[in-house]
file upload15.pdb (PDB, C-alpha atoms, pLDDT in the B column)
ATOM      1  CA  MET A   1     100.746 109.755 126.473  1.00 45.00           C
ATOM      2  CA  ASN A   2      97.028 108.987 126.261  1.00 62.00           C
ATOM      3  CA  ASP A   3      95.944 106.812 129.183  1.00 85.00           C
ATOM      4  CA  THR A   4      92.946 105.394 127.285  1.00 92.00           C
ATOM      5  CA  LEU A   5      93.272 103.206 124.205  1.00 96.00           C
ATOM      6  CA  LEU A   6      89.609 102.202 123.914  1.00 97.00           C
ATOM      7  CA  GLN A   7      86.709 104.409 124.931  1.00 97.00           C
ATOM      8  CA  VAL A   8      83.124 103.191 124.641  1.00 98.00           C
ATOM      9  CA  GLU A   9      80.640 105.894 125.576  1.00 97.00           C
ATOM     10  CA  LYS A  10      76.857 105.491 125.885  1.00 98.00           C
ATOM     11  CA  VAL A  11      76.752 102.970 123.057  1.00 98.00           C
ATOM     12  CA  ARG A  12      73.356 101.696 121.990  1.00 97.00           C
ATOM     13  CA  LYS A  13      72.492  99.025 119.467  1.00 97.00           C
ATOM     14  CA  VAL A  14      68.968  98.421 118.253  1.00 96.00           C
ATOM     15  CA  PHE A  15      67.938  95.702 115.820  1.00 93.00           C
ATOM     16  CA  ALA A  16      64.694  96.067 113.882  1.00 89.00           C
ATOM     17  CA  THR A  17      62.709  92.971 112.922  1.00 83.00           C
ATOM     18  CA  GLY A  18      59.624  93.900 110.981  1.00 81.00           C
ATOM     19  CA  SER A  19      57.561  96.240 113.139  1.00 84.00           C
ATOM     20  CA  GLU A  20      59.436  95.309 116.319  1.00 89.00           C
ATOM     21  CA  THR A  21      62.719  96.612 117.695  1.00 92.00           C
ATOM     22  CA  LEU A  22      65.151  94.950 120.084  1.00 91.00           C
ATOM     23  CA  GLU A  23      67.624  97.058 122.058  1.00 94.00           C
ATOM     24  CA  VAL A  24      70.542  94.730 122.802  1.00 95.00           C
ATOM     25  CA  LEU A  25      72.957  97.350 124.170  1.00 97.00           C
ATOM     26  CA  LYS A  26      71.796 100.183 126.425  1.00 97.00           C
ATOM     27  CA  ASP A  27      74.161 103.109 127.023  1.00 97.00           C
ATOM     28  CA  VAL A  28      77.207 100.859 127.409  1.00 98.00           C
ATOM     29  CA  THR A  29      80.162 102.839 128.759  1.00 97.00           C
ATOM     30  CA  PHE A  30      83.693 101.736 129.670  1.00 97.00           C
ATOM     31  CA  SER A  31      87.301 102.571 128.868  1.00 96.00           C
ATOM     32  CA  VAL A  32      90.459 100.495 128.628  1.00 96.00           C
ATOM     33  CA  PRO A  33      94.022 101.763 129.213  1.00 94.00           C
ATOM     34  CA  PRO A  34      96.818 100.510 126.942  1.00 94.00           C
ATOM     35  CA  GLY A  35      98.103  97.051 127.793  1.00 93.00           C
ATOM     36  CA  LYS A  36      95.172  96.004 129.973  1.00 94.00           C
ATOM     37  CA  VAL A  37      93.004  92.890 129.731  1.00 94.00           C
ATOM     38  CA  VAL A  38      89.254  93.435 130.043  1.00 95.00           C
ATOM     39  CA  VAL A  39      86.862  90.490 130.245  1.00 95.00           C
ATOM     40  CA  ILE A  40      83.116  90.840 129.695  1.00 95.00           C
ATOM     41  CA  THR A  41      80.905  87.963 130.779  1.00 94.00           C
ATOM     42  CA  GLY A  42      77.247  87.258 130.253  1.00 91.00           C
ATOM     43  CA  GLN A  43      74.844  84.619 129.064  1.00 87.00           C
ATOM     44  CA  SER A  44      74.699  83.595 125.422  1.00 82.00           C
ATOM     45  CA  GLY A  45      72.650  86.059 123.409  1.00 81.00           C
ATOM     46  CA  CYS A  46      73.149  88.983 125.790  1.00 87.00           C
ATOM     47  CA  GLY A  47      74.943  91.156 123.220  1.00 92.00           C
ATOM     48  CA  LYS A  48      78.602  90.425 124.018  1.00 94.00           C
ATOM     49  CA  SER A  49      79.515  89.527 120.443  1.00 93.00           C
ATOM     50  CA  THR A  50      77.536  92.485 119.132  1.00 96.00           C
ATOM     51  CA  LEU A  51      79.628  94.795 121.310  1.00 97.00           C
ATOM     52  CA  LEU A  52      82.848  93.367 119.858  1.00 96.00           C
ATOM     53  CA  HIS A  53      81.462  93.726 116.337  1.00 96.00           C
ATOM     54  CA  LEU A  54      80.784  97.403 117.010  1.00 97.00           C
ATOM     55  CA  ILE A  55      84.305  97.974 118.345  1.00 97.00           C
ATOM     56  CA  GLY A  56      85.668  96.118 115.330  1.00 96.00           C
ATOM     57  CA  GLY A  57      83.684  98.201 112.861  1.00 95.00           C
ATOM     58  CA  LEU A  58      81.819  95.129 111.633  1.00 94.00           C
ATOM     59  CA  GLU A  59      78.471  96.691 112.588  1.00 95.00           C
ATOM     60  CA  ALA A  60      77.375 100.297 113.124  1.00 95.00           C
ATOM     61  CA  VAL A  61      76.282 101.748 116.456  1.00 97.00           C
ATOM     62  CA  THR A  62      72.717 103.005 116.807  1.00 97.00           C
ATOM     63  CA  GLY A  63      73.891 105.678 119.219  1.00 97.00           C
ATOM     64  CA  GLY A  64      76.917 106.652 121.263  1.00 97.00           C
ATOM     65  CA  MET A  65      80.599 106.671 120.385  1.00 97.00           C
ATOM     66  CA  ILE A  66      83.512 104.234 120.166  1.00 98.00           C
ATOM     67  CA  ARG A  67      87.019 105.664 120.018  1.00 97.00           C
ATOM     68  CA  VAL A  68      90.195 103.622 119.499  1.00 96.00           C
ATOM     69  CA  GLY A  69      93.302 105.728 119.998  1.00 93.00           C
ATOM     70  CA  ASP A  70      92.446 109.063 118.408  1.00 91.00           C
ATOM     71  CA  ARG A  71      89.947 107.664 115.899  1.00 93.00           C
ATOM     72  CA  VAL A  72      86.161 107.405 116.184  1.00 96.00           C
ATOM     73  CA  VAL A  73      85.013 104.157 114.588  1.00 95.00           C
ATOM     74  CA  SER A  74      81.635 105.466 113.387  1.00 90.00           C
ATOM     75  CA  GLU A  75      83.343 108.320 111.501  1.00 93.00           C
ATOM     76  CA  MET A  76      85.454 105.997 109.337  1.00 95.00           C
ATOM     77  CA  GLY A  77      84.596 105.284 105.717  1.00 93.00           C
ATOM     78  CA  GLU A  78      84.696 101.759 104.289  1.00 93.00           C
ATOM     79  CA  GLY A  79      88.295 102.085 103.150  1.00 94.00           C
ATOM     80  CA  GLU A  80      89.384 103.399 106.538  1.00 95.00           C
ATOM     81  CA  LEU A  81      87.521 100.596 108.296  1.00 95.00           C
ATOM     82  CA  THR A  82      89.301  97.993 106.187  1.00 94.00           C
ATOM     83  CA  LEU A  83      92.712  99.409 107.130  1.00 93.00           C
ATOM     84  CA  TYR A  84      91.600  99.789 110.751  1.00 94.00           C
ATOM     85  CA  ARG A  85      90.663  96.113 110.961  1.00 94.00           C
ATOM     86  CA  ARG A  86      93.858  95.004 109.209  1.00 91.00           C
ATOM     87  CA  LYS A  87      96.389  97.121 111.073  1.00 91.00           C
ATOM     88  CA  THR A  88      94.893  98.236 114.389  1.00 95.00           C
ATOM     89  CA  LEU A  89      92.950  95.137 115.421  1.00 96.00           C
ATOM     90  CA  GLY A  90      93.593  91.461 115.949  1.00 94.00           C
ATOM     91  CA  PHE A  91      90.535  89.181 115.969  1.00 93.00           C
ATOM     92  CA  ILE A  92      90.104  85.812 117.682  1.00 91.00           C
ATOM     93  CA  PHE A  93      86.740  84.117 117.215  1.00 86.00           C
ATOM     94  CA  GLN A  94      85.061  81.083 118.784  1.00 74.00           C
ATOM     95  CA  LEU A  95      85.552  79.328 115.446  1.00 74.00           C
ATOM     96  CA  HIS A  96      89.199  79.529 114.435  1.00 68.00           C
ATOM     97  CA  LEU A  97      88.343  80.495 110.814  1.00 81.00           C
ATOM     98  CA  LEU A  98      91.608  79.084 109.494  1.00 92.00           C
ATOM     99  CA  LEU A  99      91.890  78.512 105.746  1.00 94.00           C
ATOM    100  CA  ARG A 100      91.911  74.752 105.134  1.00 93.00           C
ATOM    101  CA  GLU A 101      94.101  74.926 102.039  1.00 96.00           C
ATOM    102  CA  PHE A 102      96.950  76.673 103.871  1.00 97.00           C
ATOM    103  CA  THR A 103      99.333  75.408 106.553  1.00 97.00           C
ATOM    104  CA  ALA A 104      99.440  76.765 110.088  1.00 97.00           C
ATOM    105  CA  LEU A 105     102.401  78.981 109.218  1.00 98.00           C
ATOM    106  CA  GLU A 106     100.754  80.252 106.049  1.00 97.00           C
ATOM    107  CA  ASN A 107      97.533  81.035 107.934  1.00 96.00           C
ATOM    108  CA  VAL A 108      99.489  83.145 110.412  1.00 97.00           C
ATOM    109  CA  ALA A 109     101.637  84.891 107.787  1.00 97.00           C
ATOM    110  CA  ILE A 110      98.927  85.759 105.237  1.00 96.00           C
ATOM    111  CA  PRO A 111      97.512  88.797 107.134  1.00 95.00           C
ATOM    112  CA  ALA A 112     101.037  90.233 107.328  1.00 96.00           C
ATOM    113  CA  LEU A 113     101.591  89.729 103.601  1.00 96.00           C
ATOM    114  CA  ILE A 114      98.282  91.463 102.873  1.00 94.00           C
ATOM    115  CA  CYS A 115      99.518  94.445 104.893  1.00 93.00           C
ATOM    116  CA  GLY A 116     102.729  94.639 102.890  1.00 94.00           C
ATOM    117  CA  MET A 117     105.221  92.832 105.096  1.00 95.00           C
ATOM    118  CA  GLN A 118     108.058  91.165 103.194  1.00 97.00           C
ATOM    119  CA  LYS A 119     107.625  87.406 102.814  1.00 96.00           C
ATOM    120  CA  LYS A 120     110.809  86.521 104.724  1.00 97.00           C
ATOM    121  CA  GLU A 121     109.847  88.730 107.664  1.00 97.00           C
ATOM    122  CA  ALA A 122     106.258  87.434 107.687  1.00 97.00           C
ATOM    123  CA  TRP A 123     107.466  83.818 107.703  1.00 97.00           C
ATOM    124  CA  GLU A 124     110.002  84.477 110.464  1.00 97.00           C
ATOM    125  CA  ARG A 125     107.540  86.394 112.626  1.00 96.00           C
ATOM    126  CA  GLY A 126     104.836  83.784 112.060  1.00 97.00           C
ATOM    127  CA  ALA A 127     107.213  80.974 113.012  1.00 97.00           C
ATOM    128  CA  SER A 128     108.255  82.827 116.165  1.00 96.00           C
ATOM    129  CA  LEU A 129     104.645  83.366 117.233  1.00 95.00           C
ATOM    130  CA  LEU A 130     103.703  79.743 116.568  1.00 95.00           C
ATOM    131  CA  ALA A 131     106.678  78.619 118.644  1.00 95.00           C
ATOM    132  CA  GLN A 132     105.511  80.856 121.486  1.00 92.00           C
ATOM    133  CA  VAL A 133     102.134  79.119 121.539  1.00 90.00           C
ATOM    134  CA  GLY A 134     103.796  75.698 121.583  1.00 90.00           C
ATOM    135  CA  LEU A 135     103.388  74.799 117.915  1.00 93.00           C
ATOM    136  CA  SER A 136     106.980  74.771 116.666  1.00 93.00           C
ATOM    137  CA  GLY A 137     106.441  71.241 115.345  1.00 92.00           C
ATOM    138  CA  ARG A 138     103.221  72.120 113.519  1.00 93.00           C
ATOM    139  CA  PHE A 139     104.303  74.815 111.055  1.00 97.00           C
ATOM    140  CA  HIS A 140     103.480  72.737 107.970  1.00 97.00           C
ATOM    141  CA  HIS A 141     100.333  71.018 109.237  1.00 97.00           C
ATOM    142  CA  PHE A 142      96.991  71.932 107.725  1.00 97.00           C
ATOM    143  CA  PRO A 143      94.066  72.925 109.994  1.00 95.00           C
ATOM    144  CA  GLN A 144      92.346  69.568 109.526  1.00 95.00           C
ATOM    145  CA  GLU A 145      95.514  67.908 110.870  1.00 97.00           C
ATOM    146  CA  LEU A 146      95.430  69.921 114.111  1.00 94.00           C
ATOM    147  CA  SER A 147      93.401  69.484 117.283  1.00 91.00           C
ATOM    148  CA  GLY A 148      90.825  72.072 118.327  1.00 89.00           C
ATOM    149  CA  GLY A 149      93.184  73.571 120.881  1.00 89.00           C
ATOM    150  CA  GLU A 150      96.014  73.739 118.356  1.00 92.00           C
ATOM    151  CA  ARG A 151      93.812  75.485 115.805  1.00 92.00           C
ATOM    152  CA  GLN A 152      92.845  78.097 118.343  1.00 90.00           C
ATOM    153  CA  ARG A 153      96.489  78.669 119.242  1.00 91.00           C
ATOM    154  CA  VAL A 154      97.197  79.246 115.544  1.00 94.00           C
ATOM    155  CA  ALA A 155      94.389  81.823 115.634  1.00 93.00           C
ATOM    156  CA  ILE A 156      96.084  83.572 118.575  1.00 92.00           C
ATOM    157  CA  ALA A 157      99.367  83.750 116.656  1.00 94.00           C
ATOM    158  CA  ARG A 158      97.530  85.085 113.608  1.00 95.00           C
ATOM    159  CA  ALA A 159      95.887  87.811 115.718  1.00 94.00           C
ATOM    160  CA  LEU A 160      99.320  89.040 116.830  1.00 94.00           C
ATOM    161  CA  ILE A 161     101.142  88.920 113.486  1.00 95.00           C
ATOM    162  CA  ASN A 162     100.511  92.572 112.537  1.00 95.00           C
ATOM    163  CA  ASP A 163     101.356  93.902 116.005  1.00 93.00           C
ATOM    164  CA  PRO A 164      97.830  95.263 116.623  1.00 95.00           C
ATOM    165  CA  LEU A 165      97.024  97.882 119.240  1.00 94.00           C
ATOM    166  CA  LEU A 166      93.862  96.047 120.279  1.00 96.00           C
ATOM    167  CA  ILE A 167      92.886  92.368 120.306  1.00 95.00           C
ATOM    168  CA  LEU A 168      89.199  91.409 120.289  1.00 96.00           C
ATOM    169  CA  ALA A 169      88.480  87.847 121.418  1.00 94.00           C
ATOM    170  CA  ASP A 170      84.964  86.444 121.045  1.00 92.00           C
ATOM    171  CA  GLU A 171      84.451  83.281 123.132  1.00 87.00           C
ATOM    172  CA  PRO A 172      87.958  82.024 122.213  1.00 85.00           C
ATOM    173  CA  THR A 173      87.603  78.847 124.299  1.00 82.00           C
ATOM    174  CA  GLY A 174      83.909  78.241 123.635  1.00 78.00           C
ATOM    175  CA  ASN A 175      84.435  75.165 121.430  1.00 76.00           C
ATOM    176  CA  LEU A 176      87.178  73.543 123.525  1.00 77.00           C
ATOM    177  CA  ASP A 177      87.185  70.965 126.299  1.00 79.00           C
ATOM    178  CA  GLU A 178      88.210  72.170 129.754  1.00 82.00           C
ATOM    179  CA  GLY A 179      91.872  71.173 129.461  1.00 82.00           C
ATOM    180  CA  ASN A 180      92.408  72.849 126.102  1.00 81.00           C
ATOM    181  CA  ALA A 181      90.345  75.847 127.192  1.00 83.00           C
ATOM    182  CA  ARG A 182      92.624  76.514 130.161  1.00 84.00           C
ATOM    183  CA  MET A 183      95.748  76.097 128.018  1.00 83.00           C
ATOM    184  CA  VAL A 184      94.490  78.530 125.381  1.00 84.00           C
ATOM    185  CA  GLN A 185      93.369  80.960 128.095  1.00 84.00           C
ATOM    186  CA  GLU A 186      96.780  80.937 129.753  1.00 86.00           C
ATOM    187  CA  GLN A 187      98.654  81.437 126.494  1.00 86.00           C
ATOM    188  CA  LEU A 188      96.362  84.242 125.353  1.00 87.00           C
ATOM    189  CA  PHE A 189      96.692  86.197 128.593  1.00 88.00           C
ATOM    190  CA  THR A 190     100.444  85.549 128.788  1.00 88.00           C
ATOM    191  CA  LEU A 191     101.085  86.778 125.247  1.00 89.00           C
ATOM    192  CA  ALA A 192      98.853  89.824 125.731  1.00 88.00           C
ATOM    193  CA  LYS A 193     100.933  90.777 128.767  1.00 88.00           C
ATOM    194  CA  GLU A 194     104.252  89.942 127.116  1.00 88.00           C
ATOM    195  CA  TYR A 195     103.507  92.059 124.047  1.00 89.00           C
ATOM    196  CA  ARG A 196     101.698  94.702 126.127  1.00 90.00           C
ATOM    197  CA  LYS A 197      98.556  94.356 124.075  1.00 92.00           C
ATOM    198  CA  THR A 198      95.164  95.674 125.021  1.00 95.00           C
ATOM    199  CA  LEU A 199      92.742  92.751 125.038  1.00 95.00           C
ATOM    200  CA  VAL A 200      88.953  92.821 125.214  1.00 96.00           C
ATOM    201  CA  LEU A 201      87.571  89.314 125.620  1.00 94.00           C
ATOM    202  CA  VAL A 202      83.943  88.251 125.878  1.00 93.00           C
ATOM    203  CA  THR A 203      82.913  84.909 127.335  1.00 90.00           C
ATOM    204  CA  HIS A 204      80.178  83.111 129.246  1.00 85.00           C
ATOM    205  CA  ASP A 205      82.918  81.278 131.201  1.00 80.00           C
ATOM    206  CA  ARG A 206      83.265  82.862 134.664  1.00 79.00           C
ATOM    207  CA  GLU A 207      86.514  80.954 135.247  1.00 77.00           C
ATOM    208  CA  LEU A 208      88.061  82.551 132.176  1.00 75.00           C
ATOM    209  CA  ALA A 209      87.001  85.977 133.402  1.00 78.00           C
ATOM    210  CA  LYS A 210      89.249  85.692 136.453  1.00 80.00           C
ATOM    211  CA  GLY A 211      92.306  86.468 134.318  1.00 81.00           C
ATOM    212  CA  GLY A 212      91.155  89.988 133.449  1.00 88.00           C
ATOM    213  CA  ASP A 213      92.572  93.193 134.904  1.00 92.00           C
ATOM    214  CA  GLU A 214      89.009  94.495 134.807  1.00 94.00           C
ATOM    215  CA  ARG A 215      85.827  92.456 134.640  1.00 95.00           C
ATOM    216  CA  PHE A 216      82.298  93.339 133.610  1.00 96.00           C
ATOM    217  CA  ILE A 217      79.000  91.548 133.197  1.00 96.00           C
ATOM    218  CA  LEU A 218      76.516  92.324 130.431  1.00 96.00           C
ATOM    219  CA  HIS A 219      72.910  91.621 131.407  1.00 94.00           C
ATOM    220  CA  GLU A 220      69.810  92.705 129.515  1.00 92.00           C
ATOM    221  CA  GLY A 221      71.870  95.196 127.548  1.00 94.00           C
ATOM    222  CA  VAL A 222      73.385  96.898 130.595  1.00 96.00           C
ATOM    223  CA  LEU A 223      77.111  96.653 131.395  1.00 97.00           C
ATOM    224  CA  ARG A 224      78.154  96.568 135.050  1.00 96.00           C
ATOM    225  CA  PRO A 225      81.515  95.984 136.786  1.00 94.00           C
ATOM    226  CA  LEU A 226      82.039  92.637 138.497  1.00 87.00           C
TER
END
call {"tool": "encode", "arguments": {"input": "upload15.pdb", "output": "structure tokens"}}
result
Amino acid sequence: MNDTLLQVEKVRKVFATGSETLEVLKDVTFSVPPGKVVVITGQSGCGKSTLLHLIGGLEAVTGGMIRVGDRVVSEMGEGELTLYRRKTLGFIFQLHLLLREFTALENVAIPALICGMQKKEAWERGASLLAQVGLSGRFHHFPQELSGGERQRVAIARALINDPLLILADEPTGNLDEGNARMVQEQLFTLAKEYRKTLVLVTHDRELAKGGDERFILHEGVLRPL
């Protein structure tokens, strides 16, 4: 069994603006075993979200290599990347990105339906996940009828619906008050452990970072262990 699910090796990312270039990631290297929680902290604008986008295949690396399982992200074509994001990854963003015209349960189930899961199974799995994040009484509520913390818990359930190998969480508590932030944090870490999911989470919240099995700080493009 491979003891590394995610391998990031000497990854660089350079953005060009006119005649100037900005190197936001400088030879970033780390690896994550299956089932572990890794938290990366750093100030806003330090490149944390960019790193997640590279792992998620949403942007291309300038240099270096990212491997998830036995697949190198930069070697995937557009079709492969689409399937990779649908089936291998679960995303949780600072903004919940729920669809306003669909209920909480529908928002969770839709990614499973897109991947070919039968409607009955998708509904049952979605309901089970929502119950696990404390929303059993909110299945048929629309996003605008939910609190900020509840919306983010729906987003956690949605990220788990397709049983992904890797969950990428980008400032998942960034828009929440302290009480809701701690609740969402606890549920996210608990579910990651319960389902034995590999989780890479980026945040500027040092308190949130304490829940990680491994912790890093990203500063001026350089990643260092905490």
call {"tool": "resolve_selection", "arguments": {"input": "upload15.pdb", "expression": "the PyMOL selection byres ((chain A and resi 154) around 9)", "output": "PDB file with C-alpha atoms, keeping the file's coordinate frame"}}
result
ATOM      1  CA  HIS A  96      89.199  79.529 114.435  1.00 68.00           C
ATOM      2  CA  LEU A  98      91.608  79.084 109.494  1.00 92.00           C
ATOM      3  CA  ALA A 104      99.440  76.765 110.088  1.00 97.00           C
ATOM      4  CA  LEU A 105     102.401  78.981 109.218  1.00 98.00           C
ATOM      5  CA  ASN A 107      97.533  81.035 107.934  1.00 96.00           C
ATOM      6  CA  VAL A 108      99.489  83.145 110.412  1.00 97.00           C
ATOM      7  CA  LEU A 129     104.645  83.366 117.233  1.00 95.00           C
ATOM      8  CA  LEU A 130     103.703  79.743 116.568  1.00 95.00           C
ATOM      9  CA  VAL A 133     102.134  79.119 121.539  1.00 90.00           C
ATOM     10  CA  LEU A 135     103.388  74.799 117.915  1.00 93.00           C
ATOM     11  CA  PRO A 143      94.066  72.925 109.994  1.00 95.00           C
ATOM     12  CA  GLY A 149      93.184  73.571 120.881  1.00 89.00           C
ATOM     13  CA  GLU A 150      96.014  73.739 118.356  1.00 92.00           C
ATOM     14  CA  ARG A 151      93.812  75.485 115.805  1.00 92.00           C
ATOM     15  CA  GLN A 152      92.845  78.097 118.343  1.00 90.00           C
ATOM     16  CA  ARG A 153      96.489  78.669 119.242  1.00 91.00           C
ATOM     17  CA  ALA A 155      94.389  81.823 115.634  1.00 93.00           C
ATOM     18  CA  ILE A 156      96.084  83.572 118.575  1.00 92.00           C
ATOM     19  CA  ALA A 157      99.367  83.750 116.656  1.00 94.00           C
ATOM     20  CA  ARG A 158      97.530  85.085 113.608  1.00 95.00           C
ATOM     21  CA  ALA A 159      95.887  87.811 115.718  1.00 94.00           C
TER      22      ALA A 159
END
call {"tool": "closest_atom_pairs", "arguments": {"input": "upload15.pdb", "of": "stretch 49-167 of chain A", "to": "stretch 172-182 of chain A", "cutoff": "8 Å", "atoms": "all atoms listed in the file", "output": "tab-separated table"}}
result
residue	atom	partner	partner_atom	distance
A:Ile92	CA	A:Pro172	CA	6.3
A:Phe93	CA	A:Pro172	CA	5.6
A:Gln94	CA	A:Pro172	CA	4.6
A:Leu95	CA	A:Asn175	CA	7.4
A:Gly148	CA	A:Leu176	CA	6.5
A:Gly149	CA	A:Asn180	CA	5.3
A:Gln152	CA	A:Pro172	CA	7.4
call {"tool": "resolve_selection", "arguments": {"input": "upload15.pdb", "expression": "the PyMOL selection byres ((chain A and resi 212) around 7)", "output": "list in words"}}
result
Val37, Val38, Val39, Ala209, Lys210, Gly211, Asp213, Glu214 and Arg215 of chain A
call {"tool": "residues_near_point", "arguments": {"input": "upload15.pdb", "point": "(95.4, 99.3, 122.4)", "cutoff": "7 Å", "atoms": "all atoms listed in the file", "output": "list in words"}}
result
Leu5, Leu6, Pro34, Gly35, Leu165, Leu166, Lys197 and Thr198 of chain A
call {"tool": "atom_distance", "arguments": {"input": "upload15.pdb", "atom1": "atom CA of A:Leu208", "atom2": "atom CA of A:Gln43"}}
result
13.7 Å
call {"tool": "atom_distance", "arguments": {"input": "upload15.pdb", "atom1": "atom CA of A:Lys10", "atom2": "atom CA of A:Thr62"}}
result
10.3 Å
call {"tool": "atom_distance", "arguments": {"input": "upload15.pdb", "atom1": "atom CA of A:Phe102", "atom2": "atom CA of A:Phe139"}}
result
10.4 Å
call {"tool": "axis_aligned_box", "arguments": {"input": "upload15.pdb", "around": "stretch 94-104 of chain A", "padding_each_side": "6 Å", "output": "JSON"}}
result
{"center_x": 92.3, "center_y": 77.9, "center_z": 110.4, "size_x": 26.4, "size_y": 18.3, "size_z": 28.7}
call {"tool": "closest_residue", "arguments": {"input": "upload15.pdb", "among": "A:Ala60, A:Ala122, A:Ala131, A:Val14", "to": "A:Glu106", "atoms": "all atoms listed in the file"}}
result
A:Ala122
call {"tool": "closest_residue", "arguments": {"input": "upload15.pdb", "among": "A:Phe91, A:Phe142, A:Trp123, A:Phe189", "to": "A:Leu52", "atoms": "all atoms listed in the file"}}
result
A:Phe91
call {"tool": "closest_residue", "arguments": {"input": "upload15.pdb", "among": "A:Thr103, A:Gly69, A:Gly126, A:Ile55", "to": "A:Leu81", "atoms": "all atoms listed in the file"}}
result
A:Ile55
call {"tool": "build_atoms", "arguments": {"input": "upload15.pdb", "residues": "stretch 151-170 of chain A", "atoms": "N, CA and C atoms", "output": "PDB file, in the frame of the given file"}}
result
ATOM      1  N   ARG A 151      94.359  74.527 116.771  1.00 92.00           N
ATOM      2  CA  ARG A 151      93.812  75.485 115.805  1.00 92.00           C
ATOM      3  C   ARG A 151      93.598  76.846 116.455  1.00 92.00           C
ATOM      4  N   GLN A 152      93.103  76.818 117.683  1.00 90.00           N
ATOM      5  CA  GLN A 152      92.845  78.097 118.343  1.00 90.00           C
ATOM      6  C   GLN A 152      94.140  78.808 118.709  1.00 90.00           C
ATOM      7  N   ARG A 153      95.188  78.043 118.977  1.00 91.00           N
ATOM      8  CA  ARG A 153      96.489  78.669 119.242  1.00 91.00           C
ATOM      9  C   ARG A 153      97.072  79.273 117.966  1.00 91.00           C
ATOM     10  N   VAL A 154      96.817  78.637 116.825  1.00 94.00           N
ATOM     11  CA  VAL A 154      97.197  79.246 115.544  1.00 94.00           C
ATOM     12  C   VAL A 154      96.458  80.577 115.373  1.00 94.00           C
ATOM     13  N   ALA A 155      95.184  80.596 115.747  1.00 93.00           N
ATOM     14  CA  ALA A 155      94.389  81.823 115.634  1.00 93.00           C
ATOM     15  C   ALA A 155      94.948  82.934 116.522  1.00 93.00           C
ATOM     16  N   ILE A 156      95.460  82.576 117.696  1.00 92.00           N
ATOM     17  CA  ILE A 156      96.084  83.572 118.575  1.00 92.00           C
ATOM     18  C   ILE A 156      97.322  84.155 117.906  1.00 92.00           C
ATOM     19  N   ALA A 157      98.162  83.278 117.349  1.00 94.00           N
ATOM     20  CA  ALA A 157      99.367  83.750 116.656  1.00 94.00           C
ATOM     21  C   ALA A 157      99.000  84.657 115.488  1.00 94.00           C
ATOM     22  N   ARG A 158      97.973  84.270 114.747  1.00 95.00           N
ATOM     23  CA  ARG A 158      97.530  85.085 113.608  1.00 95.00           C
ATOM     24  C   ARG A 158      97.067  86.469 114.065  1.00 95.00           C
ATOM     25  N   ALA A 159      96.382  86.529 115.212  1.00 94.00           N
ATOM     26  CA  ALA A 159      95.887  87.811 115.718  1.00 94.00           C
ATOM     27  C   ALA A 159      97.016  88.763 116.086  1.00 94.00           C
ATOM     28  N   LEU A 160      98.190  88.216 116.392  1.00 94.00           N
ATOM     29  CA  LEU A 160      99.320  89.040 116.830  1.00 94.00           C
ATOM     30  C   LEU A 160     100.278  89.420 115.704  1.00 94.00           C
ATOM     31  N   ILE A 161     100.126  88.815 114.535  1.00 95.00           N
ATOM     32  CA  ILE A 161     101.142  88.920 113.486  1.00 95.00           C
ATOM     33  C   ILE A 161     101.385  90.358 113.032  1.00 95.00           C
ATOM     34  N   ASN A 162     100.354  91.191 113.006  1.00 95.00           N
ATOM     35  CA  ASN A 162     100.511  92.572 112.537  1.00 95.00           C
ATOM     36  C   ASN A 162     100.722  93.562 113.674  1.00 95.00           C
ATOM     37  N   ASP A 163     101.073  93.052 114.848  1.00 93.00           N
ATOM     38  CA  ASP A 163     101.356  93.902 116.005  1.00 93.00           C
ATOM     39  C   ASP A 163     100.214  94.882 116.279  1.00 93.00           C
ATOM     40  N   PRO A 164      98.984  94.378 116.468  1.00 95.00           N
ATOM     41  CA  PRO A 164      97.830  95.263 116.623  1.00 95.00           C
ATOM     42  C   PRO A 164      97.850  96.010 117.956  1.00 95.00           C
ATOM     43  N   LEU A 165      97.183  97.153 117.984  1.00 94.00           N
ATOM     44  CA  LEU A 165      97.024  97.882 119.240  1.00 94.00           C
ATOM     45  C   LEU A 165      96.008  97.198 120.146  1.00 94.00           C
ATOM     46  N   LEU A 166      94.994  96.582 119.529  1.00 96.00           N
ATOM     47  CA  LEU A 166      93.862  96.047 120.279  1.00 96.00           C
ATOM     48  C   LEU A 166      93.496  94.665 119.750  1.00 96.00           C
ATOM     49  N   ILE A 167      93.328  93.714 120.666  1.00 95.00           N
ATOM     50  CA  ILE A 167      92.886  92.368 120.306  1.00 95.00           C
ATOM     51  C   ILE A 167      91.463  92.175 120.813  1.00 95.00           C
ATOM     52  N   LEU A 168      90.589  91.706 119.942  1.00 96.00           N
ATOM     53  CA  LEU A 168      89.199  91.409 120.289  1.00 96.00           C
ATOM     54  C   LEU A 168      89.005  89.905 120.220  1.00 96.00           C
ATOM     55  N   ALA A 169      88.626  89.305 121.341  1.00 94.00           N
ATOM     56  CA  ALA A 169      88.480  87.847 121.418  1.00 94.00           C
ATOM     57  C   ALA A 169      87.038  87.500 121.774  1.00 94.00           C
ATOM     58  N   ASP A 170      86.380  86.790 120.886  1.00 92.00           N
ATOM     59  CA  ASP A 170      84.964  86.444 121.045  1.00 92.00           C
ATOM     60  C   ASP A 170      84.831  84.961 121.384  1.00 92.00           C
TER      61      ASP A 170
END
